[in-house]
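**Student:** Input start.cif, format and content: mmCIF, C-alpha atoms.
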data_protein
#
loop_
_atom_site.label_atom_id
_atom_site.label_comp_id
_atom_site.auth_asym_id
_atom_site.auth_seq_id
_atom_site.Cartn_x
_atom_site.Cartn_y
_atom_site.Cartn_z
CA MET B 270 83.72 166.97 82.90
CA LEU B 271 85.52 164.61 80.53
CA ASN B 272 89.16 165.26 79.78
CA GLN B 273 89.31 165.29 76.00
CA LYS B 274 92.94 164.78 74.94
CA SER B 275 92.27 165.46 71.27
CA ARG B 276 89.86 167.25 69.02
CA PRO B 277 87.29 167.07 67.77
CA VAL B 278 85.11 166.34 70.76
CA ARG B 279 82.89 163.37 69.89
CA ILE B 280 79.46 163.18 71.49
CA CYS B 281 77.55 159.93 71.17
CA LEU B 282 73.87 160.28 71.95
CA TRP B 283 72.33 156.95 72.96
CA SER B 284 68.58 157.39 72.64
CA GLY B 285 65.39 155.42 72.63
CA PRO B 286 62.95 156.10 69.77
CA ARG B 287 60.68 159.16 69.82
CA ASN B 288 62.86 160.83 72.47
CA ILE B 289 63.44 164.22 70.69
CA SER B 290 66.85 162.91 69.65
CA THR B 291 66.50 164.55 66.24
CA ALA B 292 65.86 167.91 67.90
CA LEU B 293 69.15 167.47 69.78
CA MET B 294 70.90 166.65 66.51
CA TYR B 295 69.47 169.80 64.91
CA SER B 296 70.52 171.78 67.98
CA PHE B 297 74.15 170.70 67.80
CA ALA B 298 74.17 171.28 64.05
CA GLN B 299 73.85 175.00 64.78
CA ARG B 300 77.30 175.17 66.35
CA THR B 301 80.16 176.58 64.30
CA ASN B 302 82.73 174.03 63.09
CA SER B 303 80.54 171.08 64.11
CA GLN B 304 79.24 168.05 62.24
CA VAL B 305 76.25 165.83 62.99
CA TYR B 306 75.47 162.25 61.93
CA ASP B 307 72.01 160.70 61.90
CA GLU B 308 71.86 157.11 63.24
CA PRO B 309 74.99 155.79 61.52
CA LEU B 310 74.45 152.30 63.01
CA TYR B 311 70.93 151.88 61.60
CA ALA B 312 71.91 149.57 58.71
CA HIS B 313 74.10 147.51 61.07
CA TYR B 314 71.02 147.00 63.24
CA LEU B 315 68.67 146.13 60.38
CA SER B 316 71.15 143.67 58.92
CA ASN B 317 71.37 141.84 62.26
CA VAL B 318 67.68 141.41 63.14
CA SER B 319 65.17 138.95 61.75
CA GLU B 320 63.57 139.68 58.40
CA ASP B 321 60.17 140.05 60.08
CA LYS B 322 61.61 142.71 62.40
CA CYS B 323 63.54 144.43 59.63
CA VAL B 324 60.58 144.92 57.29
CA GLN B 325 58.61 146.65 60.04
CA HIS B 326 60.85 149.67 59.60
CA PRO B 327 59.75 152.26 57.04
CA SER B 328 62.30 152.70 54.23
CA TYR B 329 64.32 149.69 55.41
CA LYS B 330 65.39 148.96 51.83
CA GLU B 331 66.72 152.49 51.37
CA VAL B 332 68.57 152.28 54.70
CA LEU B 333 70.22 148.98 53.78
CA ASN B 334 71.09 150.18 50.28
CA SER B 335 72.61 153.49 51.33
CA MET B 336 74.40 152.91 54.64
CA GLU B 337 77.34 150.87 55.94
CA HIS B 338 76.22 147.46 57.31
CA ASP B 339 79.40 146.71 59.24
CA GLY B 340 79.03 148.28 62.67
CA GLU B 341 82.76 148.01 63.41
CA LYS B 342 83.51 150.13 60.34
CA VAL B 343 80.97 152.69 61.57
CA VAL B 344 82.70 152.81 64.96
CA ASP B 345 86.05 153.29 63.19
CA MET B 346 84.49 156.23 61.33
CA MET B 347 83.22 157.79 64.55
CA LEU B 348 86.68 157.54 66.12
CA GLY B 349 88.50 158.49 62.92
CA ASN B 350 89.84 161.69 61.44
CA PHE B 351 87.80 164.79 60.63
CA PRO B 352 88.80 168.08 59.00
CA ALA B 353 91.27 170.04 61.12
CA ASP B 354 88.81 172.84 61.85
CA THR B 355 86.16 170.47 63.22
CA GLU B 356 85.67 171.20 66.92
CA LEU B 357 82.77 168.85 67.70
CA VAL B 358 81.06 165.85 66.11
CA PHE B 359 77.63 164.75 67.29
CA PHE B 360 76.46 161.20 66.57
CA LYS B 361 72.75 160.59 67.08
CA ASN B 362 72.42 156.88 67.85
CA MET B 363 69.65 154.55 68.96
CA THR B 364 70.81 152.39 71.86
CA HIS B 365 69.25 149.22 70.45
CA HIS B 366 71.32 149.65 67.26
CA LEU B 367 74.41 148.45 69.18
CA LEU B 368 73.67 144.78 68.51
CA GLY B 369 76.76 142.64 69.03
CA LEU B 370 79.27 145.48 68.96
CA ASP B 371 82.34 145.83 71.19
CA ARG B 372 81.46 148.83 73.36
CA SER B 373 84.94 149.66 74.60
CA PHE B 374 85.08 152.59 72.16
CA MET B 375 82.67 154.43 74.47
CA LYS B 376 85.60 155.24 76.74
CA GLU B 377 86.83 157.56 73.97
CA VAL B 378 83.63 159.59 73.50
CA VAL B 379 81.18 161.71 75.50
CA ASN B 380 78.22 159.42 76.22
CA VAL B 381 74.76 160.96 76.60
CA ILE B 382 71.82 158.69 77.40
CA LEU B 383 68.44 160.12 76.38
CA THR B 384 65.20 158.62 77.66
CA ARG B 385 61.52 159.55 77.80
CA ASP B 386 58.55 158.67 79.97
CA PRO B 387 56.98 155.59 78.33
CA GLU B 388 53.51 157.04 78.83
CA ASP B 389 54.47 159.71 76.32
CA MET B 390 56.78 157.67 74.11
CA LEU B 391 54.91 154.42 73.46
CA PRO B 392 51.77 155.89 71.80
CA SER B 393 53.97 158.05 69.55
CA PHE B 394 56.14 155.11 68.48
CA ASP B 395 53.13 152.86 67.92
CA LYS B 396 51.84 155.24 65.24
CA VAL B 397 54.76 154.29 62.98
CA ILE B 398 55.69 150.77 64.14
CA GLU B 399 52.59 148.97 65.35
CA SER B 400 52.56 146.86 68.51
CA PRO B 401 56.21 147.38 69.51
CA GLY B 402 58.04 145.10 71.93
CA MET B 403 60.68 145.79 74.57
CA GLU B 404 63.47 145.20 72.05
CA ASP B 405 62.10 148.10 69.98
CA VAL B 406 61.67 150.79 72.61
CA GLY B 407 65.09 151.00 74.22
CA TYR B 408 64.47 150.88 77.98
CA ALA B 409 66.03 147.48 78.61
CA ALA B 410 68.84 148.40 76.21
CA HIS B 411 69.51 151.54 78.24
CA ILE B 412 69.75 149.55 81.47
CA GLU B 413 72.24 147.20 79.82
CA LEU B 414 74.22 150.12 78.39
CA ILE B 415 74.47 151.89 81.75
CA ALA B 416 75.79 148.67 83.33
CA ASP B 417 78.38 148.33 80.56
CA LEU B 418 79.51 151.95 80.86
CA GLU B 419 79.92 151.64 84.61
CA SER B 420 81.79 148.34 84.36
CA MET B 421 84.34 149.81 81.94
CA GLY B 422 84.63 153.08 83.85
CA ALA B 423 83.26 155.19 80.98
CA SER B 424 81.61 158.48 81.89
CA TYR B 425 78.03 159.26 80.90
CA ILE B 426 75.15 161.57 81.69
CA VAL B 427 71.41 160.84 81.54
CA LEU B 428 68.87 163.27 80.12
CA GLU B 429 65.08 163.01 80.06
CA SER B 430 63.13 164.44 77.13
CA LYS B 431 60.59 166.32 79.25
CA ALA B 432 63.36 168.07 81.17
CA ILE B 433 64.93 169.25 77.91
CA LEU B 434 61.63 170.68 76.66
CA GLU B 435 61.07 172.45 79.99
CA ASP B 436 64.61 173.87 80.19
CA PRO B 437 66.50 173.56 76.89
CA GLU B 438 69.34 175.86 77.85
CA GLY B 439 69.92 174.17 81.19
CA GLN B 440 69.93 170.64 79.78
CA LEU B 441 72.01 171.53 76.72
CA SER B 442 74.48 173.19 79.06
CA ARG B 443 74.82 169.88 80.91
CA ILE B 444 75.87 168.16 77.69
CA CYS B 445 78.28 170.96 76.82
CA HIS B 446 79.83 170.84 80.29
CA ALA B 447 80.34 167.07 80.03
CA ALA B 448 81.96 167.58 76.64
CA GLY B 449 84.20 170.41 77.82
CA VAL B 450 82.75 172.97 75.39
CA LYS B 451 80.87 176.22 75.94
CA PHE B 452 77.11 176.36 75.51
CA ASP B 453 76.13 178.34 72.41
CA GLU B 454 72.79 180.16 72.31
CA ALA B 455 72.56 179.31 68.61
CA MET B 456 71.70 175.76 69.73
CA LEU B 457 68.25 176.89 70.90
CA SER B 458 66.78 177.45 67.43
CA TRP B 459 67.08 176.38 63.81
CA GLU B 460 65.49 177.08 60.45
CA LYS B 461 62.28 175.28 59.57
CA GLY B 462 62.70 172.40 57.12
CA ALA B 463 64.87 169.36 56.51
CA ARG B 464 68.64 169.11 56.91
CA GLU B 465 71.04 167.44 54.52
CA GLU B 466 72.18 165.14 57.33
CA ASP B 467 68.69 163.66 57.76
CA GLY B 468 68.50 159.90 57.32
CA VAL B 469 66.53 158.48 54.39
CA TRP B 470 63.78 157.62 56.89
CA ALA B 471 63.05 161.29 57.60
CA GLU B 472 59.77 161.36 55.67
CA PHE B 473 58.27 158.84 58.11
CA TRP B 474 59.62 160.23 61.38
CA TYR B 475 60.63 163.90 61.05
CA LYS B 476 57.46 165.80 60.14
CA GLY B 477 57.35 167.49 63.56
CA ILE B 478 60.98 168.57 63.59
CA HIS B 479 60.76 169.86 60.02
CA ASN B 480 57.87 172.10 61.06
CA SER B 481 59.72 173.43 64.11
CA THR B 482 62.22 176.21 64.68
CA GLY B 483 63.29 175.15 68.16
CA PHE B 484 62.42 172.96 71.13
CA GLN B 485 58.66 172.76 71.59
CA GLN B 486 56.94 173.36 74.92
CA TYR B 487 56.13 170.13 76.75
CA ARG B 488 52.48 169.15 76.65
CA LYS B 489 51.01 166.13 78.37
CA LYS B 490 49.14 163.88 75.94
CA GLU B 491 45.38 164.26 76.30
CA GLU B 492 44.16 161.19 74.41
CA PRO B 493 43.61 157.96 76.40
CA PHE B 494 46.59 155.62 76.59
CA PRO B 495 46.13 152.77 74.04
CA GLN B 496 44.84 149.65 75.71
CA HIS B 497 47.03 147.27 73.67
CA LEU B 498 50.19 149.05 74.89
CA LYS B 499 49.43 148.81 78.61
CA PRO B 500 51.27 145.51 79.19
CA LEU B 501 54.41 146.98 77.60
CA LEU B 502 53.95 150.18 79.61
CA GLU B 503 54.00 148.18 82.85
CA GLU B 504 57.27 146.56 81.75
CA CYS B 505 58.83 149.88 80.81
CA LYS B 506 57.86 151.97 83.85
CA PRO B 507 60.29 150.46 86.39
CA LEU B 508 63.11 150.50 83.83
CA PHE B 509 62.49 154.17 83.05
CA GLN B 510 62.57 155.03 86.77
CA LYS B 511 65.84 153.13 87.16
CA ILE B 512 67.38 154.95 84.18
CA ILE B 513 66.58 158.41 85.50
CA GLY B 514 67.55 157.41 89.03
#
Using structure tokens, write down the structure from this file.

**Tutor:**
Amino acid sequence: MLNQKSRPVRICLWSGPRNISTALMYSFAQRTNSQVYDEPLYAHYLSNVSEDKCVQHPSYKEVLNSMEHDGEKVVDMMLGNFPADTELVFFKNMTHHLLGLDRSFMKEVVNVILTRDPEDMLPSFDKVIESPGMEDVGYAAHIELIADLESMGASYIVLESKAILEDPEGQLSRICHAAGVKFDEAMLSWEKGAREEDGVWAEFWYKGIHNSTGFQQYRKKEEPFPQHLKPLLEECKPLFQKIIG
């Protein structure tokens, strides 16, 4: 358990895409006196990749026009002041959005790494961003992040999406324990529909979560794995196994 010297507790989720990270954000939004933030480093990421890579992202113009581009300012916000009654702040982040940032701030937050079996993740991601590469899917970025966290002595826990769907209370309790807060049963369900904290990209990515009222039961994909993604799958498999240990 992390020793939090001050409140609010700040949880930074470091996720790959299509890893039920939004469901976790919705879950923590159910807690009393808590705030959630949806991918605050997204514009920093888009402003630091090539134009060809940037325009692959749905609503990239809206992201760039509505969010802070300077990642250091975003980090300052995450570590900054919140209303006195705020007990917990949950930041949903994509690991690959950390481009070029000083990661020493991670010693001041609760770090949660979220990953997913690439056999499940890659076909889902490919439906929105066609023919993704390793830099898009987060596995190599997670390996790098784990090495950085260990080198600086920052604590972290690793969660796998399937395990959360199979045992939401157990896995959410792991996060709460690491953060030094009590698990709240309210985290297991939410009202159907969008949240005001949703990023401007929600219409492209959040249809499933908006139709849900809680964590869905895990179901193995039945359709054949896409042939064009198999080379990337073979790259991702050993990284995924290393991440989950």

**Student:** So which one's closest to Gln304 of chain B, B:Thr384, B:Phe374, B:Glu466, B:Pro286? Using all atoms listed in the file, please.

**Tutor:** B:Glu466

**Student:** Take the point (75.8, 162.9, 67.9) in the file's coordinates, draw a sphere of radius 12 Å around it, and report as a VMD selection string every protein, DNA or RNA residue with an atom inside or on it, counting all atoms listed in the file.

**Tutor:** chain B and resid 278 to 284 290 to 298 303 to 310 347 357 to 363 378 to 383 444 448 466

**Student:** Using the chain letters and numbering of this document, enumerate as a PyMOL selection string the residues selected by the PyMOL selection byres ((chain B and resi 390) around 12).

**Tutor:** chain B and resi 284-289+384-389+391-397+401+405-408+429-431+489-490+494-495+498+501-502+505-506+509

**Student:** Just checking: using all atoms listed in the file, which residue out of B:Leu367, B:Cys323, B:Ala432, B:Leu457 ends up closest to His411 of chain B?

**Tutor:**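 Answer, going by the shortest atom-to-atom distance: B:Leu367.
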
**Student:** Give me the residues within 8 Å of segment 469-485 of chain B as a list in words, counting all atoms listed in the file and dropping any in the same chain fewer than 6 places off.

**Tutor:**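 That gives Thr291, Ala292, Ser296, Pro327, Ser328, Glu331, Val332, Val397, Leu434, Pro437, Leu457, Ser458, Trp459, Glu460, Lys461, Gly462 and Ala463 of chain B.
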
**Student:** Which value, in Å to one decimal, gives the distance between atom CA of Leu428 of chain B and atom CA of Leu370 of chain B?

**Tutor:**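 Result for atom CA of Leu428 of chain B versus atom CA of Leu370 of chain B: 23.4 Å, one decimal.
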
**Student:** When distances are computed from only C-alpha atoms, which of B:Gly349, B:Gln486, B:Glu341, B:Pro493 shows the smallest separation from Glu435 of chain B?

**Tutor:**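 Using only C-alpha atoms, the shortest distance to Glu435 of chain B belongs to B:Gln486.
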
**Student:** Taking only C-alpha atoms into account, which of B:Ser400, B:Glu337, B:Arg372, B:Val344 comes nearest Gln325 of chain B?

**Tutor:** B:Ser400

**Student:** Check what the PyMOL selection byres ((chain B and resi 443) around 10) selects in the file above and give those residues as a list in words.

**Tutor:** Met270, Val381, Ile426, Val427, Leu428, Pro437, Glu438, Gly439, Gln440, Leu441, Ser442, Ile444, Cys445, His446, Ala447, Ala448, Gly449 and Phe452 of chain B

**Student:** Taking C-alpha atoms for each residue, export the selection above as a PDB file, in the coordinates of the input.

**Tutor:**
ATOM      1  CA  MET B 270      83.720 166.970  82.900  1.00  0.00           C
ATOM      2  CA  VAL B 381      74.760 160.960  76.600  1.00  0.00           C
ATOM      3  CA  ILE B 426      75.150 161.570  81.690  1.00  0.00           C
ATOM      4  CA  VAL B 427      71.410 160.840  81.540  1.00  0.00           C
ATOM      5  CA  LEU B 428      68.870 163.270  80.120  1.00  0.00           C
ATOM      6  CA  PRO B 437      66.500 173.560  76.890  1.00  0.00           C
ATOM      7  CA  GLU B 438      69.340 175.860  77.850  1.00  0.00           C
ATOM      8  CA  GLY B 439      69.920 174.170  81.190  1.00  0.00           C
ATOM      9  CA  GLN B 440      69.930 170.640  79.780  1.00  0.00           C
ATOM     10  CA  LEU B 441      72.010 171.530  76.720  1.00  0.00           C
ATOM     11  CA  SER B 442      74.480 173.190  79.060  1.00  0.00           C
ATOM     12  CA  ILE B 444      75.870 168.160  77.690  1.00  0.00           C
ATOM     13  CA  CYS B 445      78.280 170.960  76.820  1.00  0.00           C
ATOM     14  CA  HIS B 446      79.830 170.840  80.290  1.00  0.00           C
ATOM     15  CA  ALA B 447      80.340 167.070  80.030  1.00  0.00           C
ATOM     16  CA  ALA B 448      81.960 167.580  76.640  1.00  0.00           C
ATOM     17  CA  GLY B 449      84.200 170.410  77.820  1.00  0.00           C
ATOM     18  CA  PHE B 452      77.110 176.360  75.510  1.00  0.00           C
TER      19      PHE B 452
END

**Student:** Can you work out which one of B:Val450, B:Ile415, B:Asp467, B:Glu399 has the shortest atom-to-atom distance to Lys511 of chain B, counting only C-alpha atoms?

**Tutor:**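 Of B:Val450, B:Ile415, B:Asp467, B:Glu399, the one nearest Lys511 of chain B is B:Ile415, counting only C-alpha atoms.
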
**Student:** May I ask for the distance between atom CA of Glu503 of chain B and atom CA of Met403 of chain B, given in Å to one decimal place?

**Tutor:**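 Distance reported for this atom pair: 10.9 Å.
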
**Student:** Could you check how far atom CA of Ala455 of chain B sits from atom CA of Asp436 of chain B, in Å to one decimal?

**Tutor:**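 One can read the atom CA of Ala455 of chain B to atom CA of Asp436 of chain B distance as 15.1 Å.
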